[in-house]
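Undergrad: Data file data.txt (compact mmCIF, C-alpha atoms) is appended below.
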# COMPACT_ATOMS: atom_id res chain seq x y z
CA MET A 243 128.70 122.66 132.25
CA ARG A 244 125.85 122.99 129.75
CA ASN A 245 125.62 119.23 129.11
CA ALA A 246 125.53 118.52 132.83
CA GLU A 247 122.83 121.12 133.23
CA LEU A 248 120.79 119.72 130.38
CA THR A 249 121.00 116.10 131.50
CA ARG A 250 119.51 116.72 134.91
CA THR A 251 115.75 116.95 135.25
CA LEU A 252 114.44 120.46 134.88
CA ASP A 253 111.86 121.65 137.35
CA ARG A 254 108.76 123.42 136.06
CA SER A 255 110.06 126.97 136.45
CA GLU A 256 113.31 126.10 134.69
CA LEU A 257 111.40 124.48 131.85
CA SER A 258 109.28 127.60 131.46
CA SER A 259 112.45 129.62 131.34
CA TYR A 260 113.81 127.44 128.54
CA LEU A 261 110.58 127.58 126.60
CA TYR A 262 109.81 131.26 126.87
CA ARG A 263 113.18 132.93 127.30
CA MET A 264 115.17 131.24 124.58
CA GLN A 265 118.24 133.25 123.69
CA ASN A 266 120.41 132.81 120.63
CA ILE A 267 123.55 134.05 118.94
CA ILE A 268 122.18 134.15 115.39
CA ARG A 269 123.00 137.83 114.95
CA VAL A 270 126.61 137.31 116.06
CA LEU A 271 127.04 134.31 113.76
CA ARG A 272 125.38 136.06 110.83
CA GLU A 273 127.48 139.20 111.17
CA ALA A 274 130.63 137.11 111.54
CA LYS A 275 129.80 135.57 108.17
CA GLY A 276 129.17 138.99 106.67
CA LEU A 277 125.58 138.17 105.80
CA SER A 278 122.58 140.47 105.81
CA GLN A 279 119.31 139.34 107.37
CA GLY A 280 117.86 139.10 103.87
CA GLU A 281 120.65 136.84 102.65
CA LEU A 282 120.31 134.51 105.64
CA ALA A 283 116.53 134.53 105.20
CA ARG A 284 116.90 133.55 101.54
CA ASP A 285 119.27 130.70 102.41
CA MET A 286 116.89 129.47 105.14
CA ASP A 287 113.80 129.90 102.94
CA VAL A 288 112.09 132.16 105.47
CA SER A 289 111.24 135.85 105.46
CA ARG A 290 113.68 138.56 106.56
CA GLN A 291 111.26 139.53 109.32
CA THR A 292 111.41 135.99 110.69
CA ILE A 293 115.20 136.19 110.96
CA ASN A 294 114.86 139.59 112.63
CA SER A 295 112.28 138.24 115.08
CA ILE A 296 114.53 135.30 115.96
CA GLU A 297 117.53 137.57 116.46
CA THR A 298 115.59 139.91 118.71
CA GLU A 299 114.14 136.88 120.55
CA ARG A 300 110.55 137.78 119.86
CA TYR A 301 110.07 134.47 118.04
CA THR A 302 111.41 131.04 118.96
CA PRO A 303 111.88 128.99 115.78
CA SER A 304 110.62 125.46 115.29
CA LEU A 305 113.01 122.61 115.98
CA ALA A 306 113.44 122.07 112.23
CA LEU A 307 114.42 125.70 111.62
CA ALA A 308 116.64 125.76 114.73
CA ILE A 309 118.51 122.69 113.46
CA ALA A 310 118.76 124.18 109.97
CA LEU A 311 120.19 127.43 111.38
CA ALA A 312 122.67 125.60 113.60
CA GLN A 313 123.83 123.40 110.72
CA TYR A 314 124.14 126.43 108.47
CA PHE A 315 126.61 127.99 110.89
CA GLY A 316 128.39 124.69 111.60
CA LYS A 317 127.25 124.65 115.22
CA THR A 318 125.04 122.48 117.37
CA VAL A 319 121.59 123.66 118.39
CA GLU A 320 122.78 123.94 122.00
CA GLU A 321 125.60 126.24 120.92
CA VAL A 322 123.23 128.54 119.07
CA PHE A 323 120.12 128.43 121.27
CA GLY A 324 119.69 128.32 125.01
CA ARG A 325 119.51 130.45 128.09
CA GLU A 326 123.20 131.29 127.84
CA ALA A 327 123.60 131.20 124.07
CA MET B 365 118.16 103.59 109.46
CA ARG B 366 117.49 106.64 111.60
CA PRO B 367 115.79 109.47 109.76
CA ASP B 368 117.84 112.60 109.43
CA PRO B 369 115.87 115.15 111.49
CA MET B 370 117.19 118.01 109.40
CA HIS B 371 116.10 116.33 106.20
CA GLU B 372 112.69 115.49 107.62
CA GLY B 373 112.24 118.95 109.03
CA ASP B 374 113.39 120.54 105.82
CA LYS B 375 110.89 118.49 103.84
CA ARG B 376 108.17 119.61 106.23
CA LEU B 377 109.17 123.25 105.87
CA LYS B 378 109.20 122.96 102.11
CA ALA B 379 105.87 121.15 102.11
CA SER B 380 104.34 123.95 104.14
CA HIS B 381 105.42 126.34 101.38
CA LYS B 382 103.88 124.30 98.60
CA SER B 383 100.17 124.34 99.40
CA TRP B 384 98.28 124.83 96.17
CA TRP B 385 96.67 128.08 97.28
CA MET B 386 99.89 129.75 98.41
CA ASN B 387 100.55 132.00 95.47
CA ARG B 388 99.97 135.62 94.51
CA TRP B 389 96.81 134.77 92.56
CA PHE B 390 94.61 132.81 94.95
CA LEU B 391 93.66 135.41 97.55
CA PRO B 392 92.97 138.18 94.99
CA ALA B 393 90.92 135.74 92.90
CA PHE B 394 89.09 134.55 96.02
CA SER B 395 88.29 138.17 96.93
CA ILE B 396 86.91 138.84 93.45
CA ALA B 397 84.90 135.59 93.53
CA MET B 398 83.49 136.53 96.94
CA GLY B 399 82.60 139.97 95.61
CA LEU B 400 80.84 138.48 92.59
CA GLY B 401 78.96 136.05 94.83
CA MET B 402 77.83 138.88 97.10
CA TRP B 403 76.83 140.98 94.10
CA GLY B 404 74.75 138.07 92.79
CA ALA B 405 73.11 137.58 96.18
CA PHE B 406 72.29 141.29 96.52
CA TRP B 407 70.98 141.32 92.95
CA ALA B 408 68.75 138.33 93.63
CA GLY B 409 67.48 140.17 96.69
CA GLY B 410 66.57 143.23 94.62
CA ASP B 411 69.49 145.46 95.59
CA PRO B 412 72.02 145.45 92.73
CA THR B 413 73.52 148.77 93.89
CA GLY B 414 74.35 147.33 97.29
CA GLY B 415 75.85 144.35 95.46
CA ALA B 416 78.01 146.63 93.35
CA VAL B 417 79.29 148.37 96.47
CA SER B 418 80.09 145.00 98.07
CA PHE B 419 81.87 143.88 94.92
CA ALA B 420 83.86 147.13 94.81
CA VAL B 421 84.98 146.66 98.43
CA MET B 422 86.06 143.07 97.75
CA ALA B 423 87.78 144.14 94.50
CA VAL B 424 89.79 146.74 96.43
CA PHE B 425 90.89 144.04 98.87
CA GLY B 426 91.77 141.81 95.91
CA ALA B 427 93.82 144.60 94.32
CA ILE B 428 95.67 145.25 97.60
CA PHE B 429 96.51 141.55 97.88
CA PHE B 430 97.55 141.34 94.23
CA PHE B 431 99.62 144.51 93.92
CA GLY B 432 100.92 144.64 97.49
CA GLY B 433 103.52 141.94 96.95
CA LYS B 434 106.37 144.24 97.98
CA SER B 435 105.11 144.01 101.54
CA ALA B 436 106.25 140.89 103.42
CA THR B 437 103.06 141.13 105.47
CA ILE B 438 100.90 140.91 102.34
CA ARG B 439 103.01 138.02 101.01
CA GLY B 440 102.73 136.30 104.38
CA MET B 441 98.97 136.80 104.38
CA ARG B 442 98.34 135.54 100.85
CA GLY B 443 100.71 132.61 101.28
CA ASP B 444 103.50 133.00 98.73
CA GLY B 445 105.80 134.52 101.37
CA ARG B 446 104.66 132.30 104.20
CA ASP B 447 107.07 130.57 106.51
CA GLU B 448 106.56 129.00 109.93
CA ARG B 449 106.33 132.37 111.71
CA TRP B 450 103.72 133.69 109.28
CA ALA B 451 101.85 130.39 109.65
CA MET B 452 101.84 130.89 113.43
CA ILE B 453 100.64 134.49 113.03
CA ASP B 454 97.90 133.27 110.66
CA GLN B 455 96.79 130.65 113.20
CA GLN B 456 96.70 133.21 116.01
CA ALA B 457 94.77 135.69 113.87
CA THR B 458 92.33 132.98 112.78
CA ALA B 459 91.83 131.88 116.39
CA PHE B 460 91.24 135.48 117.48
CA ALA B 461 88.73 136.05 114.67
CA GLY B 462 86.96 132.82 115.63
CA LEU B 463 86.83 133.89 119.27
CA ALA B 464 85.40 137.28 118.27
CA ILE B 465 82.70 135.62 116.15
CA ILE B 466 81.82 133.11 118.88
CA THR B 467 81.61 135.88 121.48
CA ALA B 468 79.38 137.99 119.23
CA THR B 469 77.22 134.94 118.51
CA LEU B 470 76.77 134.13 122.20
CA VAL B 471 75.97 137.76 123.02
CA GLY B 472 73.47 137.84 120.14
CA PHE B 473 71.91 134.61 121.36
CA GLY B 474 71.57 136.02 124.87
CA ILE B 475 69.95 139.22 123.61
CA GLU B 476 67.50 137.32 121.40
CA VAL B 477 66.47 134.98 124.20
CA ALA B 478 66.15 137.89 126.64
CA HIS B 479 63.66 139.48 124.21
CA GLY B 480 61.52 136.37 124.32
CA ARG B 481 62.59 135.03 120.93
CA ASP B 482 64.06 131.61 120.17
CA GLY B 483 67.64 132.84 119.69
CA SER B 484 67.77 132.17 115.93
CA PRO B 485 70.05 132.27 114.10
CA TYR B 486 72.60 132.77 116.87
CA GLY B 487 71.81 129.46 118.56
CA GLN B 488 72.46 127.51 115.36
CA LEU B 489 75.65 129.46 114.69
CA ALA B 490 76.87 128.83 118.24
CA ALA B 491 76.09 125.13 117.81
CA ILE B 492 78.11 125.03 114.57
CA ALA B 493 80.99 126.79 116.32
CA GLY B 494 80.90 124.39 119.26
CA ILE B 495 80.74 121.28 117.07
CA ALA B 496 83.49 122.60 114.79
CA TYR B 497 85.70 123.31 117.80
CA LEU B 498 85.19 119.85 119.28
CA LEU B 499 85.81 118.17 115.91
CA ALA B 500 88.97 120.20 115.31
CA PHE B 501 90.17 119.56 118.85
CA PHE B 502 89.77 115.80 118.60
CA VAL B 503 91.18 115.59 115.07
CA ALA B 504 94.23 117.62 116.16
CA ARG B 505 94.61 115.41 119.24
CA TRP B 506 94.37 112.27 117.07
CA ARG B 507 96.94 113.57 114.57
CA SER B 508 99.51 114.75 117.10
Once more with this new file: its structure as structure tokens, please.

TA:
Amino acid sequence: MRNAELTRTLDRSELSSYLYRMQNIIRVLREAKGLSQGELARDMDVSRQTINSIETERYTPSLALAIALAQYFGKTVEEVFGREA
Amino acid sequence: MRPDPMHEGDKRLKASHKSWWMNRWFLPAFSIAMGLGMWGAFWAGGDPTGGAVSFAVMAVFGAIFFFGGKSATIRGMRGDGRDERWAMIDQQATAFAGLAIITATLVGFGIEVAHGRDGSPYGQLAAIAGIAYLLAFFVARWRS
């Protein structure tokens, strides 16, 4: 479903939605691992506030950090980030 | 061989942390140096008391930056706690400050010209701002 959706061309409004309304499941994955925001931040070499901002979807991480977070939890970027993450 | 995007990205993240000025010492030292420079300038202009006040203000800022390391905001500002989000915040704050200065300069230029003067020094400052913007714009375009 998601792959099919991603492979078709996105129109402008859909693209905006992807860019500005990126959701994620970082909090769920972090809590499942029993980690605090500070511990995840230390492992990712970012500040605790940055992890909090990502979890509350006030900040969309760079591609590098998104990949690092996905790899950290053994997931793909698409599984962690997206409109239906 | 295809580069590993994670590895490349990770290197970039690490590199952004390693700028020479990103430590707890630089910003406090810069504040003190600025204060000393201002004190010297005031002194040369015959107002050492005003210079001392300026130095004191800059020294207070330096002390806040130096001893405020418990705050993530202070660490993000001075660089030793900076990550990509703090870098973005710094860019936005810098852009806003630049916009404020440019606006004030243009308003000042307009007022000076309206009073029949030549617009100095606002015209020169506005020219510097415009040239700096164009240079930065084209350099950023060339690099990206």

Undergrad: Go through B:Leu400, B:Ala436, B:Ala405, B:Ala427 one by one, measure the shortest atom-to-atom distance of each to chain A using all atoms listed in the file, and give the residue with the smallest value.

TA: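 Closest candidate: B:Ala436.
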
Undergrad: Determine which residues of chain A sit within 8 Å of chain B, taking into account all atoms listed in the file, and present them as a list in words.

TA: Asp287, Val288, Ser289, Gln291, Thr292, Tyr301, Pro303, Ser304, Leu305, Ala306, Leu307, Ile309 and Ala310 of chain A

Undergrad: Which of these residues is nearest to A:Ala308, using all atoms listed in the file: A:Lys275, A:Asn294, A:Met286, A:Arg325?

TA: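 Checking each candidate against A:Ala308, we get A:Met286 as the closest.
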
Undergrad: Considering all atoms listed in the file, state which residue in the set A:Arg290, A:Tyr314, A:Glu297, A:Gly324 is at the smallest distance from A:Ile268.

TA: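 Of A:Arg290, A:Tyr314, A:Glu297, A:Gly324, the one nearest A:Ile268 is A:Glu297, counting all atoms listed in the file.
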
Undergrad: Using Å and a single decimal, report how far atom CA of B:Met402 sits from atom CA of B:Trp389.

TA: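 It comes out at 19.9 Å.
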
Undergrad: Need to verify the contact set: B:Phe430, 8 Å, all atoms listed in the file, exclusion of same-chain residues closer than 2 positions in sequence. Can you return it as a PyMOL selection string?

TA: chain B and resi 388-389+391-392+426-428+432-433

Undergrad: Kindly provide, as a VMD selection string, the polymer residues lying within 12 Å of (76.1, 141.3, 93.8), counting all atoms listed in the file and using the coordinates exactly as they appear in the file.

TA: chain B and resid 396 to 422

Undergrad: Hey, can you check how far atom CA of B:Ile453 sits from atom CA of B:Ala504?

TA: 18.3 Å

Undergrad: With all atoms listed in the file as the counted atoms, please give the residues lying no more than 12 Å from stretch 455-462 of chain B, apart from itself and same-chain residues fewer than 4 positions off, as a ChimeraX atom specification.

TA: /B:441,448-451,466-469,489-490,492-494,496-497
